[in-house]
Amino acid sequence: MRPRSPSLILFGTLFSAAGYGATFLIASWFRAQGGSELDAGTTLSMALLGTLLGVPLVGWCAGWVDAARLAAVGALAMAAGYLLLGSLAGIAPASLPRLAAMLIGLGWGMFYLGAPLAMSERLDDSERGPGFTRFSAFQMTGICGSPIVLAALLEQGGLPFASAFLWVGIVGLLAACLLASFGIREPRPPQRKALRPWARKATGLAGSVAIRPILMAGLGGAVFSGMMAFQGSLTDGSAASASAFFALHAGTAVALRLLLVRHLSRWPRRPVIICLLGCLVAGLVCLHGSAVHPAFHAAAAILTGAGYGLLYPVIQTWAVNASALEDRHAALTWFVVAYFIGIFGFPALGGWLLVVAGKSTFIWALAALAMLELAVATVDRAGRLD
């Protein structure tokens with residue numbers, strides 16, 4: 001790539017990720033409008049529908065259209081969703097917030113597959129691990145930095161929710177410009193233009209090693225969305241701060257990703273995964289102590305930031321490199337589909353658990369999902385440790 005080209009896709013990723021990070025405030029917006037976590041979870045489930053449209057669209061069309069341009073279109077769709085959300089006077093009629101959520105999901109889904117595909121097509125196997133790690137560092141900064149900045153503007157600056165969502169929409173427009181510029185500046189390698197039949201390759205992937213990181217992406221996405229989307233509810237009535245959690249989680253994840261960018265791809269995968277999932281589970285257990293002392297909440301943020309923050313690029317690289325060359329596009333597409341089923345599918349169940357069963361049950365459910373993810377990584381089909 002040319003010297004300045006990586007900065008275009010990395011900052012486009014940062015600003016696009018800020019759009020997803022702003023979804024963590026949707027539950028707070030509903031509560032401010034007289035709604036509940038259940039309303040927020042139901043609305044966010046429409047984002048799942050959007051992603052299940054956007055991801056296959058990119059998966060099929062990336063053979064015809066450069067994935068960088070598809071990612072730019074995704075950023076535009078996400079911006080449209082926030083501009084709509086910012087123009088609403090309240091949560092009624094319910095169809096409008098749900099439409100906005102579907103547009104956000106559609107855009108995030110198109111970006112989330114399109115941007116890494118655009119990078120992957122321009123990198124070789126030795127460059128892909130460090131490339132994905134840097135990419136994920138900017139992505140995590142946007143995801144967790146956005147709610148921190150917005151929460152500060154809302155709480156200390158007196159910014160209305162509507163204005164905050166409008167600003168997120170404007171940032172999404174900027175992201176679209178950067179991603180489109182990357183596609184123009186760095187043409188992808190020549191290839192035959194054709195629709196890519198990623199869906200029918202599911203059978204082959206199911207019988208390969210790549211199925212493990214794909215399943216782990218879905219389980220990890222559910223854990224991540226649960227602890228982030230309902231962080232305001234988990235800290236309600238305690239001295240702990242949701243913004244502090246976002247800051248510590250993101251700071252830990254980004255710092256470690258940048259510090260270890262050259263090492264993660266060289267270390268033995270299985271011990272690394274076991275260690276990182278151990279950190280994630282320990283962090284989730286620490287969430288139980290948030291009501292006792294904010295130090296437990298800070299420990300939870302650091303441990304989950306280290307665990308989940310480093311795990312994601314490791315299993316993303318695993319999914320691609322463990323696949324046959326002709327199946328790598330399909331593997332990355334299914335990886336993203338699984339991830340989105342987790343991050344946008346779980347909030348509906350998570351909102352119900354919070355309302356009906358309470359915080360403790362909700363947190364233990366997240367820990368159980370993380371333990372299941374560990375089992376997928378380490379136990380073979382005969383039930384033996386792999």
# chains A, B, ... in the order shown; residues from 1 in each chain; ligands from 1
$ residues_around --residues "Pro130 (chain A)" --least-positions-apart "2" --cutoff "10 Å" --atoms "only C-alpha atoms" --output "PyMOL selection string"
chain A and resi 125-128+132-136+257-258+260-265+313+317
$ select_by_dssp --residues "region 137-349 of chain A" --states "alpha helix (DSSP H)" --output "number ranges by chain"
A: 137-155, 161-185, 202-206, 211-229, 231-235, 242-259, 269-286, 294-321, 328-349
$ atom_distance --atom1 "CA of His297 (chain A)" --atom2 "CA of Ala229 (chain A)"
15.6 Å
$ residues_around --residues "Leu349 (chain A)" --least-positions-apart "5" --cutoff "9 Å" --atoms "only C-alpha atoms" --output "PyMOL selection string"
chain A and resi 38+41-42+354
$ write_last_selection --atoms "N, CA and C atoms" --output "short mmCIF file (atom, residue, chain, number, x, y, z; two decimals), in the first residue's frame"
data_model
loop_
_atom_site.label_atom_id
_atom_site.label_comp_id
_atom_site.auth_asym_id
_atom_site.auth_seq_id
_atom_site.Cartn_x
_atom_site.Cartn_y
_atom_site.Cartn_z
N LEU A 38 -36.15 -3.61 28.03
CA LEU A 38 -36.84 -4.53 27.13
C LEU A 38 -37.17 -3.84 25.81
N GLY A 41 -33.90 -3.58 23.90
CA GLY A 41 -33.50 -4.85 23.33
C GLY A 41 -34.31 -5.22 22.10
N THR A 42 -35.63 -4.93 22.16
CA THR A 42 -36.49 -5.22 21.01
C THR A 42 -36.09 -4.37 19.82
N LEU A 354 -32.50 -9.06 32.39
CA LEU A 354 -32.32 -7.98 33.36
C LEU A 354 -33.63 -7.61 34.05
#
$ closest_residue --among "A:Trp64, A:Trp267, A:Trp167, A:Gln316" --to "Leu153 (chain A)" --atoms "only C-alpha atoms"
A:Trp167
$ closest_residue --among "A:Ala295, A:Ala244, A:Met110, A:Ile9" --to "Gly131 (chain A)" --atoms "only C-alpha atoms"
A:Ile9
$ closest_residue --among "A:Pro93, A:Gly169, A:Gly157, A:Gly12" --to "Phe111 (chain A)" --atoms "only C-alpha atoms"
A:Gly12
$ closest_residue --among "A:Leu325, A:Leu154, A:Ala27, A:Ala72" --to "Leu178 (chain A)" --atoms "only C-alpha atoms"
A:Ala72
$ residues_around --residues "region 73-78 of chain A" --least-positions-apart "6" --cutoff "6 Å" --atoms "only C-alpha atoms" --output "mmCIF file with all heavy atoms, in the first residue's frame"
data_model
loop_
_atom_site.group_PDB
_atom_site.id
_atom_site.type_symbol
_atom_site.label_atom_id
_atom_site.label_comp_id
_atom_site.auth_asym_id
_atom_site.auth_seq_id
_atom_site.Cartn_x
_atom_site.Cartn_y
_atom_site.Cartn_z
ATOM 1 N N LEU A 103 -31.432 0.472 9.873
ATOM 2 C CA LEU A 103 -30.456 1.161 9.022
ATOM 3 C C LEU A 103 -29.061 1.126 9.646
ATOM 4 O O LEU A 103 -28.061 0.916 8.950
ATOM 5 C CB LEU A 103 -30.886 2.610 8.779
ATOM 6 C CG LEU A 103 -32.054 2.820 7.812
ATOM 7 C CD1 LEU A 103 -32.516 4.272 7.860
ATOM 8 C CD2 LEU A 103 -31.652 2.430 6.389
ATOM 9 N N ILE A 104 -29.003 1.319 10.961
ATOM 10 C CA ILE A 104 -27.713 1.253 11.656
ATOM 11 C C ILE A 104 -27.126 -0.144 11.528
ATOM 12 O O ILE A 104 -25.936 -0.323 11.243
ATOM 13 C CB ILE A 104 -27.880 1.652 13.137
ATOM 14 C CG1 ILE A 104 -28.247 3.137 13.246
ATOM 15 C CG2 ILE A 104 -26.605 1.355 13.929
ATOM 16 C CD1 ILE A 104 -28.706 3.557 14.630
ATOM 17 N N GLY A 107 -25.931 -0.771 7.911
ATOM 18 C CA GLY A 107 -24.670 -0.094 7.638
ATOM 19 C C GLY A 107 -23.500 -0.722 8.364
ATOM 20 O O GLY A 107 -22.426 -0.926 7.779
ATOM 21 N N MET A 110 -22.593 -4.018 6.651
ATOM 22 C CA MET A 110 -21.866 -3.826 5.397
ATOM 23 C C MET A 110 -20.428 -3.379 5.664
ATOM 24 O O MET A 110 -19.491 -3.862 5.044
ATOM 25 C CB MET A 110 -22.590 -2.799 4.524
ATOM 26 C CG MET A 110 -23.933 -3.265 3.991
ATOM 27 S SD MET A 110 -24.669 -2.055 2.875
ATOM 28 C CE MET A 110 -23.543 -2.145 1.471
ATOM 29 N N PHE A 111 -20.262 -2.449 6.596
ATOM 30 C CA PHE A 111 -18.919 -1.992 6.926
ATOM 31 C C PHE A 111 -18.091 -3.113 7.546
ATOM 32 O O PHE A 111 -16.928 -3.330 7.191
ATOM 33 C CB PHE A 111 -18.970 -0.810 7.904
ATOM 34 C CG PHE A 111 -17.653 -0.606 8.613
ATOM 35 C CD1 PHE A 111 -16.627 0.076 7.988
ATOM 36 C CD2 PHE A 111 -17.434 -1.148 9.870
ATOM 37 C CE1 PHE A 111 -15.396 0.216 8.613
ATOM 38 C CE2 PHE A 111 -16.210 -1.007 10.502
ATOM 39 C CZ PHE A 111 -15.187 -0.320 9.867
ATOM 40 N N GLY A 172 -20.493 9.623 10.652
ATOM 41 C CA GLY A 172 -20.660 8.515 9.719
ATOM 42 C C GLY A 172 -20.468 8.946 8.273
ATOM 43 O O GLY A 172 -19.905 8.199 7.460
ATOM 44 N N LEU A 173 -20.910 10.144 7.942
ATOM 45 C CA LEU A 173 -20.707 10.671 6.585
ATOM 46 C C LEU A 173 -19.210 10.864 6.304
ATOM 47 O O LEU A 173 -18.735 10.580 5.198
ATOM 48 C CB LEU A 173 -21.446 11.998 6.417
ATOM 49 C CG LEU A 173 -22.980 11.938 6.505
ATOM 50 C CD1 LEU A 173 -23.575 13.343 6.413
ATOM 51 C CD2 LEU A 173 -23.557 11.053 5.404
ATOM 52 N N ALA A 176 -17.645 7.507 5.562
ATOM 53 C CA ALA A 176 -17.934 7.062 4.202
ATOM 54 C C ALA A 176 -16.955 7.688 3.206
ATOM 55 O O ALA A 176 -16.473 7.014 2.281
ATOM 56 C CB ALA A 176 -19.374 7.406 3.833
#
$ atom_distance --atom1 "CA of Thr378 (chain A)" --atom2 "CA of Gly251 (chain A)"
28.5 Å
$ residues_around --residues "Ala242 (chain A)" --least-positions-apart "4" --cutoff "7 Å" --atoms "only C-alpha atoms" --output "PyMOL selection string"
chain A and resi 231-232+235+246
$ write_last_selection --atoms "N, CA, C and O atoms" --output "compact mmCIF listing (two decimals), in the first residue's frame"
# COMPACT_ATOMS: atom_id res chain seq x y z
N GLN A 231 -24.49 -1.60 30.18
CA GLN A 231 -23.58 -1.14 31.22
C GLN A 231 -24.22 -0.08 32.12
O GLN A 231 -24.00 -0.06 33.34
N GLY A 232 -25.05 0.79 31.52
CA GLY A 232 -25.75 1.79 32.32
C GLY A 232 -26.68 1.15 33.34
O GLY A 232 -26.79 1.62 34.48
N THR A 235 -24.65 -0.54 36.27
CA THR A 235 -24.05 0.39 37.25
C THR A 235 -25.09 1.24 37.96
O THR A 235 -24.75 2.00 38.87
N PHE A 246 -16.17 1.89 30.00
CA PHE A 246 -15.85 2.00 28.58
C PHE A 246 -14.40 2.44 28.38
O PHE A 246 -13.68 1.92 27.53
$ residues_around --residues "Ala239 (chain A)" --least-positions-apart "6" --cutoff "9 Å" --atoms "only C-alpha atoms" --output "list in words"
Ser290, Ala291, Val292, His293 and Pro294 of chain A
$ residues_around --residues "region 328-345 of chain A" --least-positions-apart "4" --cutoff "9 Å" --atoms "only C-alpha atoms" --output "JSON, numbers by chain"
{"A": [41, 44, 45, 46, 47, 48, 49, 51, 52, 55, 56, 58, 59, 105, 109, 112, 113, 116, 117, 196, 197, 198, 199, 200, 201, 202, 205, 210, 211, 213, 214, 215, 216, 217, 218, 219, 220, 221, 222, 223, 224, 225, 226, 316, 319, 320, 321, 322, 323, 324, 349]}
$ closest_residue --among "A:Ala301, A:Leu106, A:Ala370, A:Val379" --to "Ser241 (chain A)" --atoms "only C-alpha atoms"
A:Ala301
$ closest_residue --among "A:Leu259, A:Val272, A:Ala18, A:Leu287" --to "Ile148 (chain A)" --atoms "only C-alpha atoms"
A:Ala18
$ atom_distance --atom1 "CA of Ala175 (chain A)" --atom2 "CA of Phe15 (chain A)"
5.4 Å
